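The file run_31.txt comes next; it holds compact mmCIF, C-alpha atoms.
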# COMPACT_ATOMS: atom_id res chain seq x y z
CA MET R 1 97.29 53.10 -99.19
CA SER R 2 96.37 49.50 -98.41
CA GLY R 3 97.52 46.58 -96.29
CA ILE R 4 97.81 46.45 -92.53
CA LEU R 5 97.89 49.76 -90.67
CA ASP R 6 99.95 50.11 -87.51
CA LEU R 7 97.54 51.43 -84.88
CA CYS R 8 94.04 52.67 -84.23
CA ALA R 9 93.55 54.58 -80.97
CA ILE R 10 89.95 54.90 -79.73
CA ASP R 11 88.43 57.09 -77.03
CA ALA R 12 84.90 55.79 -76.37
CA GLY R 13 83.21 58.31 -74.09
CA GLN R 14 79.67 58.99 -72.99
CA SER R 15 79.16 61.92 -75.36
CA ASN R 16 81.28 60.97 -78.37
CA THR R 17 83.71 58.37 -79.71
CA ARG R 18 86.97 59.70 -81.14
CA PHE R 19 89.57 57.73 -83.06
CA LEU R 20 93.00 58.24 -84.56
CA VAL R 21 94.87 56.07 -87.05
CA PHE R 22 98.66 56.03 -86.85
CA ASP R 23 100.74 54.35 -89.56
CA ASP R 24 104.28 54.50 -90.91
CA GLY R 25 105.37 56.95 -88.22
CA LYS R 26 102.57 59.48 -88.82
CA GLU R 27 99.03 60.30 -87.77
CA ARG R 28 97.03 59.43 -90.87
CA LEU R 29 93.42 60.03 -89.83
CA GLU R 30 91.66 61.62 -86.86
CA ASP R 31 87.89 61.85 -86.60
CA ASP R 32 84.89 61.11 -84.41
CA THR R 33 81.69 59.15 -84.86
CA GLY R 34 79.37 61.66 -83.22
CA LEU R 35 78.00 58.85 -81.04
CA GLY R 36 78.73 58.10 -77.41
CA VAL R 37 78.66 54.84 -75.47
CA THR R 38 77.29 53.80 -72.08
CA ASN R 39 77.79 50.99 -69.61
CA ILE R 40 78.06 47.98 -71.89
CA LEU R 41 75.63 45.95 -69.75
CA LEU R 42 72.77 48.41 -70.25
CA SER R 43 70.07 47.90 -72.86
CA GLY R 44 71.24 48.96 -76.32
CA ALA R 45 74.85 49.57 -75.24
CA LYS R 46 76.36 46.68 -77.23
CA GLU R 47 74.56 47.88 -80.34
CA ALA R 48 75.83 51.43 -79.73
CA LEU R 49 79.43 50.21 -79.47
CA ARG R 50 79.09 48.12 -82.63
CA GLU R 51 77.64 51.11 -84.49
CA ASN R 52 80.63 53.20 -83.43
CA LEU R 53 83.09 50.52 -84.55
CA ASP R 54 81.30 50.17 -87.90
CA ILE R 55 81.77 53.91 -88.46
CA ILE R 56 85.46 53.71 -87.52
CA LEU R 57 86.08 50.84 -89.92
CA GLN R 58 84.16 52.46 -92.77
CA SER R 59 85.85 55.83 -92.27
CA THR R 60 89.28 54.18 -92.27
CA ARG R 61 88.51 52.19 -95.43
CA ASP R 62 87.27 55.29 -97.21
CA ALA R 63 90.27 57.42 -96.20
CA LEU R 64 93.14 54.93 -96.19
CA GLY R 65 92.02 51.94 -98.20
CA SER R 66 92.29 49.46 -95.32
CA ASP R 67 90.50 48.58 -92.08
CA ARG R 68 93.11 46.15 -90.72
CA PHE R 69 95.42 47.07 -87.85
CA ARG R 70 98.38 45.58 -86.06
CA MET R 71 97.18 47.08 -82.80
CA ILE R 72 94.07 48.63 -81.26
CA SER R 73 94.45 50.83 -78.17
CA ALA R 74 91.08 51.77 -76.69
CA GLY R 75 89.79 53.61 -73.67
CA TYR R 76 86.18 52.86 -72.75
CA THR R 77 84.04 54.73 -70.26
CA GLY R 78 83.32 53.21 -66.87
CA ILE R 79 85.14 49.88 -67.07
CA SER R 80 87.80 48.16 -64.97
CA LYS R 81 89.67 44.94 -65.65
CA GLU R 82 88.14 43.18 -62.64
CA ARG R 83 84.53 43.57 -63.81
CA GLU R 84 82.33 41.86 -66.36
CA GLU R 85 82.00 45.03 -68.44
CA TYR R 86 85.67 44.83 -69.39
CA ARG R 87 85.33 41.29 -70.76
CA VAL R 88 82.22 42.17 -72.77
CA VAL R 89 83.83 45.24 -74.39
CA LEU R 90 87.03 43.28 -75.10
CA SER R 91 85.04 40.49 -76.76
CA ILE R 92 83.27 42.94 -79.07
CA LEU R 93 86.56 44.62 -80.02
CA GLU R 94 88.11 41.23 -80.76
CA GLY R 95 85.17 40.40 -83.03
CA PHE R 96 85.61 43.59 -85.05
CA PHE R 97 89.39 43.72 -85.19
CA THR R 98 90.33 40.12 -85.92
CA GLY R 99 94.08 39.57 -86.05
CA SER R 100 94.83 42.79 -84.15
CA LYS R 101 96.52 42.96 -80.76
CA ILE R 102 94.04 44.77 -78.52
CA ILE R 103 94.83 46.94 -75.51
CA LEU R 104 91.74 47.97 -73.55
CA GLU R 105 91.83 50.43 -70.66
CA SER R 106 89.29 52.53 -68.81
CA ASP R 107 88.85 56.10 -70.00
CA ILE R 108 90.22 57.09 -66.59
CA ALA R 109 93.55 55.40 -67.32
CA THR R 110 93.76 56.81 -70.86
CA SER R 111 92.92 60.28 -69.57
CA HIS R 112 95.78 60.11 -67.09
CA ALA R 113 98.13 58.84 -69.80
CA ALA R 114 97.08 61.70 -72.09
CA ASN R 115 98.09 64.26 -69.50
CA PHE R 116 101.07 62.71 -67.70
CA HIS R 117 102.59 60.06 -70.03
CA GLY R 118 103.23 57.62 -67.23
CA GLN R 119 104.46 60.23 -64.75
CA PRO R 120 102.84 61.06 -61.36
CA GLY R 121 99.89 63.42 -61.37
CA ILE R 122 96.20 63.95 -60.75
CA VAL R 123 93.47 64.10 -63.36
CA LEU R 124 90.33 65.98 -62.33
CA HIS R 125 87.61 65.28 -64.89
CA ALA R 126 84.35 67.17 -65.33
CA GLY R 127 82.42 66.04 -68.38
CA THR R 128 79.09 64.26 -68.51
CA GLY R 129 80.38 62.51 -65.36
CA ALA R 130 83.00 63.50 -62.79
CA PHE R 131 85.98 61.78 -61.21
CA ALA R 132 89.52 62.31 -59.95
CA TYR R 133 92.35 59.87 -60.53
CA GLY R 134 95.88 60.06 -59.19
CA VAL R 135 99.07 58.09 -59.71
CA ASP R 136 101.95 58.84 -57.36
CA SER R 137 105.73 58.46 -57.63
CA LYS R 138 105.53 54.85 -56.42
CA GLY R 139 102.95 53.92 -59.05
CA ARG R 140 100.09 53.67 -56.58
CA CYS R 141 96.69 54.69 -57.94
CA LEU R 142 93.51 56.04 -56.39
CA ARG R 143 90.22 57.07 -57.95
CA THR R 144 87.45 59.11 -56.38
CA GLY R 145 84.04 59.89 -57.86
CA GLY R 146 82.83 58.34 -61.09
CA TRP R 147 79.74 56.86 -59.44
CA GLY R 148 77.36 57.81 -62.21
CA TYR R 149 74.34 60.06 -62.40
CA LEU R 150 72.26 58.26 -59.75
CA LEU R 151 74.94 57.80 -57.09
CA GLY R 152 77.16 60.84 -57.49
CA ASP R 153 78.71 63.07 -60.17
CA GLU R 154 77.58 66.26 -58.43
CA GLY R 155 80.21 68.43 -60.11
CA SER R 156 79.70 66.92 -63.56
CA GLY R 157 77.78 68.22 -66.54
CA PHE R 158 74.88 65.98 -65.61
CA GLY R 159 74.95 67.08 -61.96
CA LEU R 160 75.13 70.79 -62.81
CA GLY R 161 72.55 70.48 -65.57
CA LEU R 162 70.11 68.65 -63.32
CA GLN R 163 70.43 71.23 -60.55
CA ALA R 164 69.94 74.03 -63.07
CA ILE R 165 66.77 72.40 -64.43
CA GLN R 166 65.47 71.88 -60.90
CA ALA R 167 66.17 75.53 -60.09
CA ALA R 168 64.32 76.63 -63.25
CA LEU R 169 61.31 74.46 -62.37
CA GLY R 170 61.32 75.88 -58.84
CA ALA R 171 61.26 79.38 -60.30
CA TRP R 172 58.31 78.43 -62.53
CA GLU R 173 56.39 77.11 -59.55
CA LYS R 174 57.56 79.97 -57.30
CA THR R 175 58.76 77.40 -54.75
CA ALA R 176 62.38 78.53 -55.15
CA PRO R 177 64.22 81.81 -55.86
CA GLN R 178 63.70 83.40 -59.24
CA THR R 179 66.43 82.81 -61.81
CA SER R 180 67.03 83.68 -65.44
CA LEU R 181 67.44 79.93 -66.04
CA LYS R 182 63.64 79.73 -66.06
CA ASP R 183 63.49 81.48 -69.42
CA GLU R 184 65.83 78.93 -71.00
CA LEU R 185 63.95 75.78 -70.05
CA LEU R 186 61.18 75.68 -72.66
CA PRO R 187 63.23 76.65 -75.74
CA PHE R 188 66.09 74.33 -74.76
CA PHE R 189 63.81 71.28 -74.59
CA GLU R 190 61.58 72.57 -77.42
CA ILE R 191 58.38 72.42 -75.37
CA ASP R 192 55.51 74.88 -74.73
CA ASP R 193 54.73 74.14 -71.11
CA PRO R 194 56.86 73.10 -68.10
CA GLN R 195 54.52 70.19 -67.42
CA THR R 196 55.55 68.67 -70.76
CA LEU R 197 59.12 68.33 -69.52
CA LYS R 198 58.14 65.39 -67.34
CA THR R 199 56.89 63.47 -70.38
CA VAL R 200 60.05 64.29 -72.34
CA VAL R 201 62.54 63.35 -69.63
CA TYR R 202 60.86 60.11 -68.58
CA SER R 203 60.36 58.79 -72.12
CA GLN R 204 62.44 55.77 -73.13
CA SER R 205 63.99 57.68 -76.05
CA PHE R 206 65.32 60.52 -73.89
CA GLN R 207 69.12 60.80 -73.81
CA ARG R 208 70.58 61.75 -70.42
CA ARG R 209 73.29 63.78 -72.13
CA ARG R 210 70.60 66.40 -72.82
CA ILE R 211 70.55 67.15 -69.10
CA ALA R 212 74.34 67.48 -69.15
CA ASP R 213 74.05 69.83 -72.12
CA PHE R 214 71.96 72.20 -70.00
CA ALA R 215 75.07 72.82 -67.89
CA ARG R 216 76.34 75.06 -70.70
CA ILE R 217 73.27 77.27 -70.22
CA LEU R 218 73.90 77.31 -66.49
CA LEU R 219 77.49 78.48 -66.92
CA GLU R 220 76.46 81.23 -69.35
CA HIS R 221 73.98 82.60 -66.82
CA ALA R 222 76.47 82.31 -63.98
CA ASP R 223 78.91 84.34 -66.08
CA ARG R 224 76.20 87.00 -66.53
CA GLY R 225 75.75 87.25 -62.77
CA ASP R 226 72.61 85.23 -62.04
CA PRO R 227 72.95 84.45 -58.30
CA VAL R 228 71.19 81.07 -58.44
CA ALA R 229 73.40 79.94 -61.33
CA GLN R 230 76.50 81.19 -59.54
CA ARG R 231 75.58 79.28 -56.39
CA ILE R 232 75.16 76.02 -58.35
CA VAL R 233 78.46 76.53 -60.17
CA GLY R 234 80.30 77.32 -56.95
CA ALA R 235 78.94 74.23 -55.23
CA GLY R 236 79.92 72.08 -58.22
CA ALA R 237 83.46 73.43 -58.23
CA GLY R 238 83.67 72.80 -54.50
CA ARG R 239 82.62 69.21 -55.03
CA MET R 240 85.35 68.76 -57.66
CA VAL R 241 87.94 70.05 -55.19
CA LYS R 242 86.68 67.55 -52.59
CA LEU R 243 87.48 64.71 -55.00
CA THR R 244 91.18 65.59 -54.88
CA GLU R 245 91.52 65.47 -51.10
CA PRO R 246 91.78 61.68 -50.55
CA ILE R 247 94.24 61.42 -53.45
CA ILE R 248 96.59 64.08 -52.10
CA ASN R 249 96.25 62.84 -48.52
CA ARG R 250 96.72 59.11 -49.20
CA LEU R 251 99.21 59.06 -52.08
CA GLN R 252 102.75 60.43 -52.06
CA PHE R 253 103.67 63.25 -54.42
CA GLU R 254 106.84 65.32 -54.40
CA ASN R 255 105.36 68.12 -56.49
CA PRO R 256 101.72 67.25 -57.16
CA GLU R 257 100.13 68.59 -60.31
CA ALA R 258 96.47 68.47 -61.31
CA ALA R 259 95.26 68.53 -64.91
CA LEU R 260 91.65 69.67 -65.23
CA VAL R 261 90.05 67.81 -68.13
CA GLY R 262 86.66 67.13 -69.66
CA ALA R 263 84.23 69.27 -71.63
CA LEU R 264 83.20 71.49 -68.71
CA PHE R 265 86.75 72.58 -67.96
CA VAL R 266 87.93 72.71 -71.58
CA ASN R 267 84.92 74.56 -73.02
CA CYS R 268 83.83 76.67 -70.03
CA PRO R 269 86.55 79.03 -68.75
CA LEU R 270 84.36 80.11 -65.82
CA TYR R 271 84.17 76.59 -64.40
CA PHE R 272 87.88 76.01 -64.90
CA GLU R 273 88.82 79.28 -63.20
CA LYS R 274 86.39 78.75 -60.32
CA THR R 275 87.70 75.24 -59.66
CA ARG R 276 91.31 76.35 -60.08
CA ALA R 277 90.81 79.18 -57.60
CA LEU R 278 89.31 76.83 -55.02
CA LEU R 279 92.15 74.34 -55.50
CA LEU R 280 94.75 77.06 -54.97
CA GLN R 281 92.81 78.33 -51.97
CA ARG R 282 92.80 74.82 -50.52
CA TYR R 283 96.38 73.77 -51.34
CA GLY R 284 98.28 76.95 -52.19
CA ASP R 285 101.73 76.33 -53.70
CA ARG R 286 101.55 72.60 -52.83
CA LEU R 287 99.59 71.89 -56.01
CA GLY R 288 100.17 72.93 -59.60
CA VAL R 289 96.97 73.35 -61.62
CA ARG R 290 96.64 73.46 -65.40
CA LEU R 291 94.11 72.84 -68.14
CA GLY R 292 94.52 69.33 -69.50
CA GLU R 293 93.92 67.55 -72.78
CA ARG R 294 90.54 67.95 -74.48
CA SER R 295 89.96 64.18 -74.55
CA SER R 296 91.67 60.97 -73.53
CA LEU R 297 92.41 60.04 -77.16
CA PRO R 298 96.08 61.16 -76.90
CA GLY R 299 96.39 58.80 -73.93
CA ALA R 300 95.07 55.84 -75.89
CA LEU R 301 97.53 56.76 -78.64
CA TRP R 302 100.45 57.05 -76.20
CA ILE R 303 99.68 53.66 -74.64
CA GLY R 304 99.32 52.07 -78.07
CA LEU R 305 102.54 53.53 -79.44
CA ASN R 306 104.49 52.32 -76.40
CA ALA R 307 103.14 48.82 -76.91
CA LEU R 308 103.76 48.95 -80.65
CA ASN R 309 107.37 50.00 -80.13
CA ALA R 310 107.88 47.30 -77.50
CA ASP R 311 106.60 44.65 -79.91
CA ASN R 312 108.67 46.00 -82.79
CA PRO R 313 111.92 47.48 -81.45
CA GLY R 314 113.89 49.35 -84.05
CA ARG R 315 110.89 50.11 -86.26
Take the structure in this file and express it as structure tokens.
Amino acid sequence: MSGILDLCAIDAGQSNTRFLVFDDGKERLEDDTGLGVTNILLSGAKEALRENLDIILQSTRDALGSDRFRMISAGYTGISKEREEYRVVLSILEGFFTGSKIILESDIATSHAANFHGQPGIVLHAGTGAFAYGVDSKGRCLRTGGWGYLLGDEGSGFGLGLQAIQAALGAWEKTAPQTSLKDELLPFFEIDDPQTLKTVVYSQSFQRRRIADFARILLEHADRGDPVAQRIVGAGAGRMVKLTEPIINRLQFENPEAALVGALFVNCPLYFEKTRALLLQRYGDRLGVRLGERSSLPGALWIGLNALNADNPGR
């Protein structure tokens, strides 16, 4: 296969970048780069995005014999059209995909599209970060959360992982209740002494996603009955429920539905069930709750296909 391909959908998230090539009415290639992206204005972020795009282009050339597209539909973490980050990401995409029509949205918008296809609903996301995003029957939108690891994200993988690490350190020092999380700390970070953790975490090469990865350990121990782990998980689920309250109270839904998305909900049944139970306790039959899409890639694809069909009616 060669020539110009119809569409490349891209989901550029903090932990990974996924992409899907659609051509001649079919999905031709779906893969990921194994590399995440961060706020494009941070040091090294532009290089990280370019590395991801290089991998996408090379993978498409190898598999399909072309790296040219009629349209690019991308969702990028933490951007909005009113801010400088959007213009920087768009400029880089335009440099890589010359001649392509480019649609760029936030990963929040593509996540909602993946789960509701333009219909009203609420996305509750717990991955490396955490946010809620609702669109009502009148098309009005509201986002809560998504403030990042320093300002918020308490119910996210980073927030849960950080609290679990802090609890383990407290158990080591005997300044906090004992927890089985203590025994996981050294092997997880591949160190011999808790004091070494400070050097590891504050080094310039340390990736914050490692803290988010520790949330998986937390959830395993909560499932086994560790009371400290269970308390952290319960508080995180409660924080996720809090994110939905302004959306339900300020927007207008006839039959509101929440899709729980992100790695914590998709990969950790305990966290999904705990959050679901709290949502039903809070709202009862007013709110439908379901597990959502694994990533926002289907949303980027849906947005791109709609635009492609609008540009080429009858194709």
Revision key, fill the gap. Restricting to all atoms listed in the file, whichever of R:Ser180, R:Gln14, R:Asn39, R:Gln230 is closest to Arg208 of chain R is R:Gln14
Please identify every residue of segment 218-300 of chain R that has at least one atom no farther than 10 Å from an atom of segment 128-145 of chain R, counting all atoms listed in the file, and for each give the shortest atom pair and the distance in Å to one decimal, arranged by chain then increasing number, as CSV.
residue,atom,partner,partner_atom,distance
R:Arg239,CA,R:Ala130,CA,9.6
R:Met240,CA,R:Ala130,CA,7.7
R:Val241,CA,R:Ala132,CA,9.2
R:Lys242,CA,R:Thr144,CA,9.3
R:Leu243,CA,R:Thr144,CA,5.8
R:Thr244,CA,R:Ala132,CA,6.3
R:Glu245,CA,R:Thr144,CA,9.2
R:Pro246,CA,R:Thr144,CA,7.7
R:Ile247,CA,R:Gly134,CA,6.1
R:Ile248,CA,R:Gly134,CA,8.2
R:Arg250,CA,R:Leu142,CA,8.5
R:Leu251,CA,R:Asp136,CA,6.0
R:Gln252,CA,R:Asp136,CA,5.6
R:Phe253,CA,R:Asp136,CA,5.6
R:Glu254,CA,R:Ser137,CA,7.7
R:Asn255,CA,R:Ser137,CA,9.7
R:Pro256,CA,R:Asp136,CA,8.4
R:Glu257,CA,R:Gly134,CA,9.6
R:Ala258,CA,R:Gly134,CA,8.7
R:Ala259,CA,R:Ala132,CA,9.8
R:Leu260,CA,R:Ala132,CA,9.3
R:Val261,CA,R:Ala130,CA,9.8
R:Gly262,CA,R:Thr128,CA,8.2
R:Ala263,CA,R:Thr128,CA,7.8
R:Leu264,CA,R:Thr128,CA,8.3
File dump, residues just selected, C-alpha atoms, as an mmCIF file, keeping the file's coordinate frame:
data_model
loop_
_atom_site.group_PDB
_atom_site.id
_atom_site.type_symbol
_atom_site.label_atom_id
_atom_site.label_comp_id
_atom_site.auth_asym_id
_atom_site.auth_seq_id
_atom_site.Cartn_x
_atom_site.Cartn_y
_atom_site.Cartn_z
ATOM 1 C CA ARG R 239 82.620 69.210 -55.030
ATOM 2 C CA MET R 240 85.350 68.760 -57.660
ATOM 3 C CA VAL R 241 87.940 70.050 -55.190
ATOM 4 C CA LYS R 242 86.680 67.550 -52.590
ATOM 5 C CA LEU R 243 87.480 64.710 -55.000
ATOM 6 C CA THR R 244 91.180 65.590 -54.880
ATOM 7 C CA GLU R 245 91.520 65.470 -51.100
ATOM 8 C CA PRO R 246 91.780 61.680 -50.550
ATOM 9 C CA ILE R 247 94.240 61.420 -53.450
ATOM 10 C CA ILE R 248 96.590 64.080 -52.100
ATOM 11 C CA ARG R 250 96.720 59.110 -49.200
ATOM 12 C CA LEU R 251 99.210 59.060 -52.080
ATOM 13 C CA GLN R 252 102.750 60.430 -52.060
ATOM 14 C CA PHE R 253 103.670 63.250 -54.420
ATOM 15 C CA GLU R 254 106.840 65.320 -54.400
ATOM 16 C CA ASN R 255 105.360 68.120 -56.490
ATOM 17 C CA PRO R 256 101.720 67.250 -57.160
ATOM 18 C CA GLU R 257 100.130 68.590 -60.310
ATOM 19 C CA ALA R 258 96.470 68.470 -61.310
ATOM 20 C CA ALA R 259 95.260 68.530 -64.910
ATOM 21 C CA LEU R 260 91.650 69.670 -65.230
ATOM 22 C CA VAL R 261 90.050 67.810 -68.130
ATOM 23 C CA GLY R 262 86.660 67.130 -69.660
ATOM 24 C CA ALA R 263 84.230 69.270 -71.630
ATOM 25 C CA LEU R 264 83.200 71.490 -68.710
#
Review point. From the list R:Asn115, R:Glu84, R:Asp54, R:Leu278, which residue is nearest Phe96 of chain R when using only C-alpha atoms?
Key: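 Ranked by minimum distance to Phe96 of chain R, first place goes to R:Asp54.
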I'd like the contact shell of Asp31 of chain R - 9 Å cut-off, only C-alpha atoms, skipping same-chain residues fewer than 2 positions apart - returned as an mmCIF file with C-alpha atoms, keeping the file's coordinate frame.
data_model
loop_
_atom_site.group_PDB
_atom_site.id
_atom_site.type_symbol
_atom_site.label_atom_id
_atom_site.label_comp_id
_atom_site.auth_asym_id
_atom_site.auth_seq_id
_atom_site.Cartn_x
_atom_site.Cartn_y
_atom_site.Cartn_z
ATOM 1 C CA THR R 17 83.710 58.370 -79.710
ATOM 2 C CA ARG R 18 86.970 59.700 -81.140
ATOM 3 C CA PHE R 19 89.570 57.730 -83.060
ATOM 4 C CA LEU R 20 93.000 58.240 -84.560
ATOM 5 C CA LEU R 29 93.420 60.030 -89.830
ATOM 6 C CA THR R 33 81.690 59.150 -84.860
ATOM 7 C CA ILE R 56 85.460 53.710 -87.520
ATOM 8 C CA SER R 59 85.850 55.830 -92.270
#
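Interatomic distance, atom CA of Leu53 of chain R to atom CA of Phe265 of chain R: 27.8 Å.
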Check your understanding: Could you pull the residues within 9 Å of Ile10 of chain R, counting all atoms listed in the file, minus those fewer than 3 positions along the same chain, as a PyMOL selection string?
Key -> chain R and resi 17-21+72-76+296-297+300-301
Point to revise | Straight-line distance linking atom CA of Gly36 of chain R with atom CA of Ile217 of chain R, stated in Å to one decimal | key: 21.2 Å
Give, as JSON, the centre coordinates and the x, y and z edge lengths in Å to one decimal for an axis-aligned box around all listed atoms of segment 282-291 of chain R, padded by 4 Å on each side.
{"center_x": 97.3, "center_y": 74.4, "center_z": -59.3, "size_x": 16.9, "size_y": 13.1, "size_z": 25.6}
